[in-house]
>>> print(open('my_file-v8.txt').read())   # compact mmCIF, C-alpha atoms and all ligand atoms
# COMPACT_ATOMS: atom_id res chain seq x y z
CA MET A 1 -43.12 -25.80 -1.17
CA ASN A 2 -45.82 -23.87 0.69
CA GLN A 3 -45.08 -21.15 3.23
CA THR A 4 -45.40 -23.44 6.26
CA GLU A 5 -42.99 -25.96 4.75
CA LEU A 6 -40.64 -23.17 3.77
CA ASN A 7 -40.60 -21.77 7.31
CA ALA A 8 -40.02 -25.21 8.81
CA ARG A 9 -37.14 -25.94 6.45
CA PHE A 10 -35.54 -22.57 7.15
CA ARG A 11 -35.84 -23.16 10.93
CA GLU A 12 -34.12 -26.50 10.48
CA ILE A 13 -31.19 -24.80 8.73
CA ARG A 14 -31.07 -21.99 11.27
CA ASP A 15 -30.83 -24.57 14.09
CA LYS A 16 -27.93 -26.22 12.29
CA VAL A 17 -26.09 -22.93 11.85
CA GLU A 18 -26.69 -21.94 15.46
CA SER A 19 -25.29 -25.25 16.66
CA GLU A 20 -22.37 -25.02 14.20
CA GLU A 21 -23.48 -28.08 12.26
CA ARG A 22 -22.30 -28.34 8.66
CA LEU A 23 -24.80 -27.58 5.89
CA THR A 24 -25.44 -30.07 3.08
CA MET A 25 -25.77 -29.63 -0.67
CA ASP A 26 -29.58 -29.68 -0.26
CA ASP A 27 -29.38 -26.99 2.43
CA GLY A 28 -27.32 -24.82 0.11
CA LEU A 29 -29.77 -25.30 -2.76
CA PHE A 30 -32.66 -24.36 -0.47
CA LEU A 31 -30.91 -21.13 0.57
CA GLU A 32 -30.41 -20.25 -3.10
CA ASP A 33 -34.18 -20.42 -3.71
CA PRO A 34 -35.50 -16.87 -4.30
CA GLN A 35 -38.55 -17.78 -2.19
CA VAL A 36 -36.32 -17.80 0.89
CA PRO A 37 -36.10 -14.16 2.02
CA LEU A 38 -32.66 -12.73 1.31
CA GLN A 39 -32.59 -10.80 4.59
CA GLU A 40 -33.03 -14.01 6.55
CA VAL A 41 -30.22 -15.76 4.69
CA GLY A 42 -28.10 -12.65 5.23
CA ALA A 43 -28.83 -12.58 8.97
CA LEU A 44 -27.77 -16.21 9.26
CA ALA A 45 -24.57 -15.54 7.34
CA ASN A 46 -23.92 -12.54 9.56
CA LEU A 47 -24.12 -14.80 12.59
CA VAL A 48 -21.30 -16.95 11.22
CA ARG A 49 -19.35 -13.88 10.07
CA GLU A 50 -19.46 -12.38 13.57
CA ARG A 51 -18.67 -15.70 15.21
CA LYS A 52 -15.53 -16.01 13.10
CA ASN A 53 -14.43 -12.39 12.72
CA GLY A 54 -16.40 -10.34 15.24
CA ASN A 55 -17.07 -6.77 14.16
CA LEU A 56 -13.84 -6.34 12.19
CA GLY A 57 -13.73 -5.32 8.54
CA TYR A 58 -10.38 -6.10 6.92
CA TYR A 59 -8.66 -4.30 4.06
CA ASN A 60 -5.14 -4.11 2.68
CA ILE A 61 -2.98 -1.64 0.79
CA ASN A 62 -2.16 -3.29 -2.48
CA THR A 63 -1.46 -2.90 -6.15
CA HIS A 64 -2.00 -5.03 -9.23
CA LEU A 65 0.48 -6.01 -11.91
CA ASN A 66 -0.70 -7.65 -15.14
CA PRO A 67 2.64 -8.22 -16.90
CA THR A 68 1.04 -9.18 -20.23
CA ASN A 69 -2.45 -9.43 -21.69
CA VAL A 70 -1.36 -11.65 -24.59
CA CYS A 71 -2.88 -15.06 -24.06
CA VAL A 72 -2.97 -18.39 -25.87
CA TYR A 73 -6.45 -19.07 -24.49
CA ARG A 74 -9.78 -17.49 -25.38
CA CYS A 75 -12.01 -17.81 -22.34
CA ARG A 76 -15.49 -16.61 -23.28
CA PHE A 77 -15.86 -14.43 -20.19
CA CYS A 78 -12.54 -12.63 -20.61
CA ALA A 79 -12.33 -9.02 -21.82
CA PHE A 80 -8.68 -8.62 -20.88
CA ARG A 81 -6.84 -10.98 -23.24
CA SER A 82 -5.28 -10.00 -26.54
CA ASP A 83 -4.00 -11.84 -29.59
CA LEU A 84 -0.27 -11.74 -30.18
CA ARG A 85 -0.47 -9.30 -33.08
CA ASP A 86 -3.37 -7.22 -31.84
CA PRO A 87 -2.36 -3.55 -31.28
CA LYS A 88 -3.78 -3.75 -27.76
CA GLY A 89 -1.37 -6.58 -26.85
CA TYR A 90 1.50 -5.71 -24.49
CA ALA A 91 4.22 -7.31 -22.39
CA MET A 92 5.92 -5.18 -19.75
CA THR A 93 9.64 -4.54 -19.73
CA ASP A 94 11.86 -5.07 -16.68
CA GLU A 95 12.04 -1.28 -16.26
CA GLN A 96 8.25 -0.97 -16.21
CA ILE A 97 7.97 -3.81 -13.71
CA LEU A 98 10.59 -2.28 -11.43
CA ALA A 99 8.86 1.10 -11.64
CA ARG A 100 5.70 -0.57 -10.34
CA GLY A 101 7.64 -2.06 -7.43
CA LYS A 102 9.04 1.38 -6.59
CA GLU A 103 5.64 3.03 -6.77
CA ALA A 104 4.12 0.29 -4.57
CA THR A 105 6.85 0.64 -1.94
CA GLU A 106 6.62 4.43 -1.86
CA ASN A 107 2.88 4.15 -1.32
CA GLY A 108 3.17 1.66 1.52
CA CYS A 109 1.72 -1.34 -0.35
CA THR A 110 2.08 -4.64 1.47
CA GLU A 111 1.02 -6.75 -1.50
CA MET A 112 1.37 -6.97 -5.25
CA HIS A 113 -1.31 -9.10 -6.96
CA ILE A 114 0.30 -10.47 -10.14
CA VAL A 115 -1.71 -12.28 -12.82
CA GLY A 116 -1.89 -12.03 -16.58
CA GLY A 117 -2.08 -13.81 -19.91
CA LEU A 118 -0.18 -16.88 -21.09
CA HIS A 119 2.01 -15.29 -23.70
CA HIS A 120 2.74 -17.39 -26.81
CA GLN A 121 6.40 -16.31 -26.97
CA ARG A 122 7.48 -15.64 -23.38
CA PRO A 123 9.28 -18.59 -21.78
CA TYR A 124 8.88 -19.69 -18.18
CA GLU A 125 12.11 -17.82 -17.34
CA TRP A 126 10.44 -14.50 -18.21
CA TYR A 127 7.70 -15.11 -15.65
CA ARG A 128 10.18 -16.35 -13.04
CA ASN A 129 12.54 -13.46 -13.65
CA LEU A 130 9.91 -10.83 -12.94
CA ILE A 131 9.20 -12.40 -9.55
CA SER A 132 12.90 -12.55 -8.78
CA LEU A 133 13.43 -8.96 -9.96
CA LEU A 134 10.67 -7.59 -7.75
CA ASN A 135 11.62 -9.69 -4.76
CA SER A 136 15.29 -8.76 -4.83
CA ASN A 137 14.55 -5.04 -5.13
CA TYR A 138 11.43 -4.79 -2.96
CA PRO A 139 11.58 -7.74 -0.56
CA GLN A 140 8.96 -6.46 1.87
CA ILE A 141 6.08 -6.69 -0.61
CA ASP A 142 4.19 -10.01 -0.67
CA LEU A 143 4.16 -11.20 -4.26
CA LYS A 144 0.76 -12.90 -4.52
CA ALA A 145 1.28 -14.28 -7.96
CA TRP A 146 0.03 -16.65 -10.64
CA THR A 147 -3.32 -18.35 -10.70
CA ALA A 148 -3.48 -22.14 -10.97
CA VAL A 149 -4.06 -21.62 -14.71
CA GLU A 150 -0.66 -19.95 -15.01
CA ILE A 151 1.06 -22.59 -12.86
CA ASN A 152 -0.49 -25.23 -15.12
CA TRP A 153 0.95 -23.38 -18.15
CA PHE A 154 4.42 -23.24 -16.51
CA GLU A 155 4.16 -26.99 -15.92
CA PHE A 156 3.51 -27.40 -19.64
CA GLN A 157 6.38 -25.05 -20.57
CA THR A 158 8.98 -26.58 -18.25
CA LYS A 159 7.80 -30.22 -18.45
CA LYS A 160 8.35 -30.32 -14.67
CA SER A 161 5.93 -31.19 -11.86
CA VAL A 162 3.58 -28.74 -10.15
CA GLN A 163 5.67 -29.05 -7.00
CA TRP A 164 8.86 -28.22 -8.87
CA VAL A 165 7.29 -25.12 -10.43
CA LEU A 166 5.88 -23.88 -7.13
CA GLU A 167 9.13 -24.46 -5.25
CA ASP A 168 11.14 -22.79 -8.00
CA MET A 169 8.81 -19.78 -7.97
CA ARG A 170 8.98 -19.63 -4.19
CA GLU A 171 12.75 -19.62 -4.38
CA ALA A 172 12.46 -16.66 -6.76
CA GLY A 173 10.26 -14.78 -4.28
CA LEU A 174 6.66 -15.93 -4.67
CA GLY A 175 4.85 -15.26 -1.38
CA SER A 176 1.39 -16.73 -1.90
CA MET A 177 -1.12 -17.50 -4.66
CA PRO A 178 -4.33 -15.75 -5.70
CA GLY A 179 -7.50 -17.76 -6.24
CA GLY A 180 -8.35 -16.92 -9.86
CA GLY A 181 -9.00 -19.37 -12.67
CA ALA A 182 -11.49 -21.42 -10.64
CA GLU A 183 -14.48 -19.96 -12.56
CA ILE A 184 -17.11 -22.72 -12.11
CA PHE A 185 -15.77 -26.21 -11.54
CA HIS A 186 -18.72 -28.23 -12.84
CA PRO A 187 -17.83 -29.48 -16.35
CA GLU A 188 -21.31 -28.64 -17.70
CA ILE A 189 -20.36 -24.97 -17.32
CA ARG A 190 -16.56 -24.99 -17.32
CA ASP A 191 -16.48 -26.64 -20.75
CA GLN A 192 -18.64 -23.83 -22.13
CA LEU A 193 -16.53 -21.07 -20.58
CA CYS A 194 -12.94 -22.17 -21.03
CA GLU A 195 -12.66 -25.73 -22.26
CA HIS A 196 -8.93 -25.59 -23.06
CA LYS A 197 -7.39 -24.14 -19.94
CA ALA A 198 -6.52 -25.93 -16.68
CA ASN A 199 -9.44 -28.18 -15.77
CA THR A 200 -11.02 -28.56 -12.36
CA HIS A 201 -8.79 -31.43 -11.36
CA ALA A 202 -5.67 -29.45 -12.27
CA TRP A 203 -6.89 -26.33 -10.42
CA LEU A 204 -7.58 -28.25 -7.23
CA ASP A 205 -4.40 -30.30 -7.49
CA ILE A 206 -2.24 -27.18 -7.85
CA HIS A 207 -3.78 -25.59 -4.77
CA ARG A 208 -3.45 -28.86 -2.86
CA THR A 209 0.26 -29.03 -3.76
CA ALA A 210 0.74 -25.37 -2.82
CA HIS A 211 -0.81 -26.03 0.60
CA GLU A 212 1.29 -29.16 1.08
CA ILE A 213 4.53 -27.22 0.60
CA GLY A 214 3.34 -24.49 2.97
CA LEU A 215 2.07 -21.80 0.60
CA ARG A 216 -1.19 -20.09 1.53
CA THR A 217 -3.66 -19.51 -1.30
CA ASN A 218 -7.03 -17.89 -1.96
CA CYS A 219 -10.02 -19.33 -3.81
CA THR A 220 -12.74 -17.83 -5.97
CA MET A 221 -15.91 -18.54 -7.95
CA LEU A 222 -17.03 -16.58 -11.01
CA TYR A 223 -20.84 -16.41 -10.90
CA GLY A 224 -23.72 -14.77 -12.71
CA HIS A 225 -23.22 -16.08 -16.26
CA LEU A 226 -24.28 -19.51 -17.56
CA GLU A 227 -24.35 -21.38 -14.27
CA LYS A 228 -27.31 -22.35 -12.11
CA ALA A 229 -27.59 -22.57 -8.32
CA TYR A 230 -26.64 -26.25 -8.48
CA HIS A 231 -23.29 -25.43 -10.10
CA ARG A 232 -22.50 -22.77 -7.50
CA ILE A 233 -23.21 -25.06 -4.56
CA ASP A 234 -21.25 -27.87 -6.22
CA HIS A 235 -18.33 -25.45 -6.60
CA LEU A 236 -18.45 -24.47 -2.91
CA MET A 237 -18.62 -28.13 -1.85
CA ARG A 238 -15.49 -28.95 -3.85
CA LEU A 239 -13.59 -26.09 -2.21
CA ARG A 240 -14.82 -27.13 1.22
CA GLU A 241 -13.66 -30.69 0.64
CA LEU A 242 -10.14 -29.61 -0.29
CA GLN A 243 -10.01 -27.24 2.67
CA ASP A 244 -10.94 -30.12 4.98
CA GLN A 245 -7.88 -31.94 3.71
CA THR A 246 -5.30 -29.12 3.68
CA GLY A 247 -6.58 -26.04 5.55
CA GLY A 248 -4.55 -23.87 3.15
CA PHE A 249 -7.20 -21.48 1.81
CA GLN A 250 -7.23 -18.14 3.61
CA VAL A 251 -10.16 -16.41 1.96
CA PHE A 252 -12.93 -17.11 -0.53
CA ILE A 253 -13.86 -14.41 -3.04
CA PRO A 254 -17.11 -14.69 -5.01
CA LEU A 255 -16.47 -12.82 -8.27
CA ALA A 256 -19.42 -11.20 -10.03
CA PHE A 257 -19.32 -11.65 -13.82
CA HIS A 258 -18.99 -8.51 -15.95
CA PRO A 259 -20.20 -9.22 -19.51
CA GLU A 260 -19.06 -6.08 -21.37
CA ASN A 261 -16.49 -6.72 -24.13
CA THR A 262 -16.67 -10.50 -23.62
CA LYS A 263 -18.11 -13.25 -25.82
CA LEU A 264 -21.01 -13.42 -23.35
CA ASP A 265 -21.99 -9.78 -23.72
CA HIS A 266 -25.60 -10.74 -24.43
CA LEU A 267 -25.95 -11.64 -20.73
CA LYS A 268 -26.88 -9.17 -18.00
CA LYS A 269 -24.49 -8.73 -15.13
CA PRO A 270 -25.70 -10.16 -11.83
CA SER A 271 -27.97 -7.98 -9.70
CA ALA A 272 -27.07 -6.75 -6.23
CA ILE A 273 -29.63 -9.23 -4.92
CA MET A 274 -27.75 -12.10 -6.51
CA ASP A 275 -24.43 -10.69 -5.27
CA LEU A 276 -25.66 -10.59 -1.69
CA ARG A 277 -27.29 -14.00 -1.77
CA THR A 278 -24.14 -15.57 -3.23
CA MET A 279 -22.05 -13.87 -0.55
CA ALA A 280 -24.34 -15.10 2.25
CA VAL A 281 -24.67 -18.66 0.95
CA SER A 282 -20.90 -18.87 0.48
CA ARG A 283 -20.35 -17.81 4.10
CA LEU A 284 -22.79 -20.44 5.28
CA MET A 285 -21.46 -23.32 3.15
CA LEU A 286 -17.73 -22.64 3.63
CA ASP A 287 -17.63 -23.25 7.36
CA ASN A 288 -13.91 -24.10 7.21
CA ILE A 289 -12.64 -20.96 5.44
CA GLN A 290 -11.97 -18.11 7.83
CA HIS A 291 -12.54 -15.12 5.56
CA ILE A 292 -15.01 -14.12 2.84
CA LYS A 293 -14.12 -11.14 0.67
CA ALA A 294 -16.45 -8.59 -0.94
CA TYR A 295 -14.24 -7.46 -3.83
CA TRP A 296 -15.40 -3.86 -4.25
CA ILE A 297 -13.97 -3.50 -7.77
CA MET A 298 -16.51 -5.99 -9.12
CA LEU A 299 -19.41 -5.46 -6.73
CA GLY A 300 -19.42 -1.68 -6.66
CA LEU A 301 -18.90 0.26 -3.45
CA GLY A 302 -22.51 0.15 -2.17
CA THR A 303 -22.94 -3.61 -2.58
CA ALA A 304 -19.51 -4.29 -1.11
CA GLN A 305 -20.44 -2.25 1.97
CA THR A 306 -23.76 -4.06 2.32
CA ALA A 307 -21.98 -7.40 1.91
CA LEU A 308 -20.19 -6.71 5.21
CA GLN A 309 -23.59 -7.50 6.82
CA TYR A 310 -24.18 -10.52 4.55
CA GLY A 311 -21.25 -12.72 5.47
CA ALA A 312 -18.21 -10.83 4.18
CA ASP A 313 -15.50 -9.62 6.57
CA ASP A 314 -13.00 -8.27 4.03
CA ILE A 315 -13.33 -5.66 1.30
CA ASP A 316 -9.96 -6.16 -0.51
CA GLY A 317 -7.62 -3.25 -0.89
CA THR A 318 -6.94 0.25 -2.06
CA VAL A 319 -5.92 -1.34 -5.43
CA ARG A 320 -3.86 0.43 -8.09
CA HIS A 321 -3.70 -0.46 -11.77
CA GLU A 322 -6.65 -2.90 -11.94
CA LEU A 323 -7.17 -3.75 -15.63
CA ILE A 324 -8.99 -7.07 -15.88
CA TYR A 325 -12.46 -6.03 -14.67
CA HIS A 326 -12.25 -2.49 -15.92
CA ASP A 327 -11.69 -3.94 -19.42
CA ALA A 328 -14.95 -5.83 -18.83
CA GLY A 329 -16.86 -2.66 -18.04
CA ALA A 330 -16.46 -2.27 -14.27
CA THR A 331 -17.38 1.33 -13.48
CA THR A 332 -15.88 1.40 -10.00
CA PRO A 333 -12.97 3.79 -9.33
CA GLU A 334 -9.51 2.47 -10.25
CA PHE A 335 -8.14 3.30 -6.83
CA LEU A 336 -9.37 4.13 -3.31
CA SER A 337 -7.36 6.11 -0.78
CA VAL A 338 -6.78 4.61 2.67
CA ASP A 339 -9.17 7.16 4.16
CA GLN A 340 -11.85 6.23 1.62
CA ILE A 341 -11.58 2.49 2.26
CA ARG A 342 -11.56 2.94 6.04
CA HIS A 343 -14.60 5.19 5.75
CA LEU A 344 -16.41 2.60 3.59
CA ILE A 345 -15.92 0.02 6.33
CA SER A 346 -16.59 2.20 9.36
CA GLU A 347 -19.76 3.64 7.79
CA THR A 348 -21.25 0.12 8.05
CA GLY A 349 -20.53 -0.01 11.79
CA ARG A 350 -17.54 -2.35 11.38
CA LYS A 351 -14.08 -1.60 12.73
CA PRO A 352 -11.50 -1.27 9.93
CA VAL A 353 -8.31 -3.30 10.38
CA GLU A 354 -5.44 -3.27 7.94
CA ARG A 355 -4.10 -6.77 7.26
CA ASP A 356 -1.34 -8.10 5.07
CA THR A 357 -1.70 -10.85 2.45
CA THR A 358 -1.57 -13.70 4.96
CA TYR A 359 -3.90 -11.97 7.42
CA HIS A 360 -1.50 -10.47 9.93
CA GLU A 361 -2.21 -7.07 11.41
CA VAL A 362 -0.18 -4.27 9.84
CA HIS A 363 1.38 -1.62 12.07
CA ARG A 364 2.33 1.66 10.40
CA ASP A 365 4.86 4.23 11.52
CA PRO A 366 2.70 7.25 12.50
CA ASN A 367 5.36 9.61 11.16
CA HIS A 368 5.99 7.80 7.88
CA PHE A 369 2.99 6.00 6.43
CA ALA A 370 4.95 3.87 3.93
CA THR A 371 6.97 2.24 6.73
CA TRP A 372 5.20 -0.74 8.25
CA THR A 373 5.74 -3.90 10.27
CA ARG A 374 3.85 -7.15 10.41
CA GLY A 375 1.93 -7.88 13.64
CA GLU A 376 0.07 -10.91 14.97
CA PRO A 377 -2.25 -13.05 12.82
CA VAL A 378 -5.62 -11.30 12.83
CA ASP A 379 -7.28 -14.53 13.93
CA LYS A 380 -5.45 -14.15 17.26
CA ILE A 381 -7.34 -10.94 18.04
CA SER A 382 -9.71 -12.26 20.68
CA VAL A 383 -13.34 -12.39 19.57
CA SER A 384 -14.31 -10.09 22.44
CA ALA A 385 -11.93 -7.43 21.11
CA LYS A 386 -13.34 -7.83 17.64
S1 LIG A 401 -9.14 -15.57 -18.38
FE1 LIG A 401 -6.89 -15.75 -18.33
S2 LIG A 401 -6.50 -17.67 -19.44
FE2 LIG A 401 -8.56 -17.03 -20.02
S3 LIG A 401 -8.28 -15.79 -21.89
FE3 LIG A 401 -8.29 -14.36 -20.14
S4 LIG A 401 -6.14 -14.07 -19.67
FE4 LIG A 401 -6.27 -15.94 -20.91
>>> encode(input="my_file-v8.txt", output="structure tokens")
Amino acid sequence: MNQTELNARFREIRDKVESEERLTMDDGLFLEDPQVPLQEVGALANLVRERKNGNLGYYNINTHLNPTNVCVYRCRFCAFRSDLRDPKGYAMTDEQILARGKEATENGCTEMHIVGGLHHQRPYEWYRNLISLLNSNYPQIDLKAWTAVEINWFEFQTKKSVQWVLEDMREAGLGSMPGGGAEIFHPEIRDQLCEHKANTHAWLDIHRTAHEIGLRTNCTMLYGHLEKAYHRIDHLMRLRELQDQTGGFQVFIPLAFHPENTKLDHLKKPSAIMDLRTMAVSRLMLDNIQHIKAYWIMLGLGTAQTALQYGADDIDGTVRHELIYHDAGATTPEFLSVDQIRHLISETGRKPVERDTTYHEVHRDPNHFATWTRGEPVDKISVSAK
């Protein structure tokens, strides 16, 4: 395509975005082309970002819990897993889990993000019990737990339906579901990354069922490894299609691949340019998902800040005890203070707003930081006030 054709094609897409018309697969592939200036794609994504979320930059106060790293699977991109008899393998005790709940509550966390390995010897009841234990002792914390891969494993363990597992977990205290395990849906890539774990159909079906019973979930895409632009756009289209049917996804998180200590360590990690283009294209393609998150742990602080001008409106949380990406070589800090995260956002010109897991405003007691109440859904803040 020569420059004149390129300009004309970009104008066509810009007109569509300005008139809130949905982009096609071909539009997405065009925007992925390195010949299309990144700044222009970013400016277009920023238009949508500000239309949907004004000038706000969301964050939360959260902690992670990875109850075990022992896993029956061997995904090629995973640096976290351990074999059963490997000295690095662990499974947390009830006391350790409760101590995490206490620490989270004392530090004002509104959310605990719980994911881990599929342990060869731990029954479904062990996973259910830890949710129940945390919920009965620390009921205010949203337990955002279990990826679709784990739910699929519980289905296998219990021989019950997805709906039964989700309802049983909800009864135990599950609040919502994270979006991990999506990786790349296209079988050309998925089969090379993780051929044995929950397939694309299972992942989408689990999220569909979660939405149907009223659970809110997140969605992700792991990029920057074996996939091509076509696979990324295909992935976004599949998420968009499910969202059209259920409306249950709250936020999309593009996850940058970290190769260190994985079976793909011969690959380079994605550049900041790729990170920002993926962020912007995701914002433009996913017209029916309200929020796009720049996960600072994986992107690094500078790229995450810049991403707030390239389509992202959320930067994730203060985060304690992140293991999965630090095992894969992430060099970001393991924790940010509230002041640090608010500064990161406000330095970009955005207005920091603390939200909870399901995107309600959080109000804190000015005299006692750890005491908080849930406010209105953030989407109700009028665009003019944003
Ligand atoms: S990504 Fe998850 S399922 Fe795959 S090996 Fe790692 S812990 Fe196991």
>>> closest_residue(input="my_file-v8.txt", among="A:Arg85, A:Arg76, A:Lys52, A:Arg232", to="ligand LIG 401 (chain A)", atoms="only C-alpha atoms and all ligand atoms")
A:Arg76
>>> residues_around(input="my_file-v8.txt", residues="Thr110 in chain A", least_positions_apart="6", cutoff="7 Å", atoms="all atoms listed in the file", output="PyMOL selection string")
chain A and resi 61-62+141-142+356
>>> axis_aligned_box(input="my_file-v8.txt", around="ligand LIG 401 (chain A)", padding_each_side="4 Å", output="lines of an AutoDock Vina configuration file")
center_x = -7.6
center_y = -15.9
center_z = -20.1
size_x = 11.0
size_y = 11.6
size_z = 11.6
>>> atom_distance(input="my_file-v8.txt", atom1="CA of His64 in chain A", atom2="CA of Ile114 in chain A")
6.0 Å
>>> residues_near_ligand(input="my_file-v8.txt", ligand="ligand LIG 401 (chain A)", cutoff="6 Å", atoms="all atoms listed in the file", output="ChimeraX atom specification")
/A:71,73-75,78,80-81,116-117
>>> residues_around(input="my_file-v8.txt", residues="Gly302 in chain A", least_positions_apart="4", cutoff="10 Å", atoms="only C-alpha atoms", output="PDB file with C-alpha atoms, keeping the file's coordinate frame")
ATOM      1  CA  ALA A 272     -27.070  -6.750  -6.230  1.00  0.00           C
ATOM      2  CA  TRP A 296     -15.400  -3.860  -4.250  1.00  0.00           C
ATOM      3  CA  THR A 306     -23.760  -4.060   2.320  1.00  0.00           C
ATOM      4  CA  ALA A 307     -21.980  -7.400   1.910  1.00  0.00           C
ATOM      5  CA  LEU A 344     -16.410   2.600   3.590  1.00  0.00           C
TER       6      LEU A 344
END
>>> closest_residue(input="my_file-v8.txt", among="A:Asn218, A:Thr278, A:Asn152, A:Gln250", to="Trp203 in chain A", atoms="only C-alpha atoms")
A:Asn152
>>> atom_distance(input="my_file-v8.txt", atom1="CA of Ala294 in chain A", atom2="CA of Leu308 in chain A")
7.4 Å
>>> atom_distance(input="my_file-v8.txt", atom1="CA of Thr63 in chain A", atom2="CA of Ala104 in chain A")
6.6 Å
>>> residues_around(input="my_file-v8.txt", residues="range 362-375 of chain A", least_positions_apart="2", cutoff="9 Å", atoms="all atoms listed in the file", output="JSON, numbers by chain")
{"A": [60, 105, 106, 107, 108, 109, 110, 353, 354, 355, 356, 359, 360, 377, 378]}
>>> closest_atom_pairs(input="my_file-v8.txt", of="range 212-253 of chain A", to="range 169-186 of chain A", cutoff="7 Å", atoms="all atoms listed in the file", output="CSV")
residue,atom,partner,partner_atom,distance
A:Leu215,CA,A:Ser176,CA,5.7
A:Arg216,CA,A:Ser176,CA,5.5
A:Thr217,CA,A:Met177,CA,4.7
A:Asn218,CA,A:Gly179,CA,4.3
A:Cys219,CA,A:Gly179,CA,3.8
A:Thr220,CA,A:Gly179,CA,5.2
A:Met221,CA,A:Glu183,CA,5.0
A:Leu222,CA,A:Glu183,CA,4.5
A:His231,CA,A:His186,CA,6.0
A:His235,CA,A:Phe185,CA,5.6
>>> residues_around(input="my_file-v8.txt", residues="range 55-57 of chain A", least_positions_apart="6", cutoff="12 Å", atoms="all atoms listed in the file", output="JSON, numbers by chain")
{"A": [46, 47, 48, 49, 291, 292, 293, 294, 304, 305, 306, 307, 308, 309, 311, 312, 313, 314, 315, 316, 317, 341, 342, 343, 344, 345, 346, 347, 348, 349, 350, 351, 352, 353, 354, 355, 359, 361, 378, 379, 381, 382, 383, 384, 385, 386]}
>>> closest_residue(input="my_file-v8.txt", among="A:Ile289, A:Ile297, A:Met237, A:Ala328", to="Asp265 in chain A", atoms="all atoms listed in the file")
A:Ala328
>>> residues_near_point(input="my_file-v8.txt", point="(2.1, -15.7, -24.9)", cutoff="6 Å", atoms="only C-alpha atoms", output="list in words")
Val70, Cys71, Val72, Leu118, His119, His120, Gln121 and Arg122 of chain A
>>> residues_near_point(input="my_file-v8.txt", point="(-12.8, 1.8, -8.6)", cutoff="9 Å", atoms="all atoms listed in the file", output="list in words")
Trp296, Ile297, Met298, Gly300, Leu301, Thr318, Val319, Glu322, His326, Ala330, Thr331, Thr332, Pro333, Glu334, Phe335 and Leu336 of chain A
>>> write_last_selection(input="my_file-v8.txt", atoms="C-alpha atoms", output="mmCIF file, keeping the file's coordinate frame")
data_model
loop_
_atom_site.group_PDB
_atom_site.id
_atom_site.type_symbol
_atom_site.label_atom_id
_atom_site.label_comp_id
_atom_site.auth_asym_id
_atom_site.auth_seq_id
_atom_site.Cartn_x
_atom_site.Cartn_y
_atom_site.Cartn_z
ATOM 1 C CA TRP A 296 -15.400 -3.860 -4.250
ATOM 2 C CA ILE A 297 -13.970 -3.500 -7.770
ATOM 3 C CA MET A 298 -16.510 -5.990 -9.120
ATOM 4 C CA GLY A 300 -19.420 -1.680 -6.660
ATOM 5 C CA LEU A 301 -18.900 0.260 -3.450
ATOM 6 C CA THR A 318 -6.940 0.250 -2.060
ATOM 7 C CA VAL A 319 -5.920 -1.340 -5.430
ATOM 8 C CA GLU A 322 -6.650 -2.900 -11.940
ATOM 9 C CA HIS A 326 -12.250 -2.490 -15.920
ATOM 10 C CA ALA A 330 -16.460 -2.270 -14.270
ATOM 11 C CA THR A 331 -17.380 1.330 -13.480
ATOM 12 C CA THR A 332 -15.880 1.400 -10.000
ATOM 13 C CA PRO A 333 -12.970 3.790 -9.330
ATOM 14 C CA GLU A 334 -9.510 2.470 -10.250
ATOM 15 C CA PHE A 335 -8.140 3.300 -6.830
ATOM 16 C CA LEU A 336 -9.370 4.130 -3.310
#
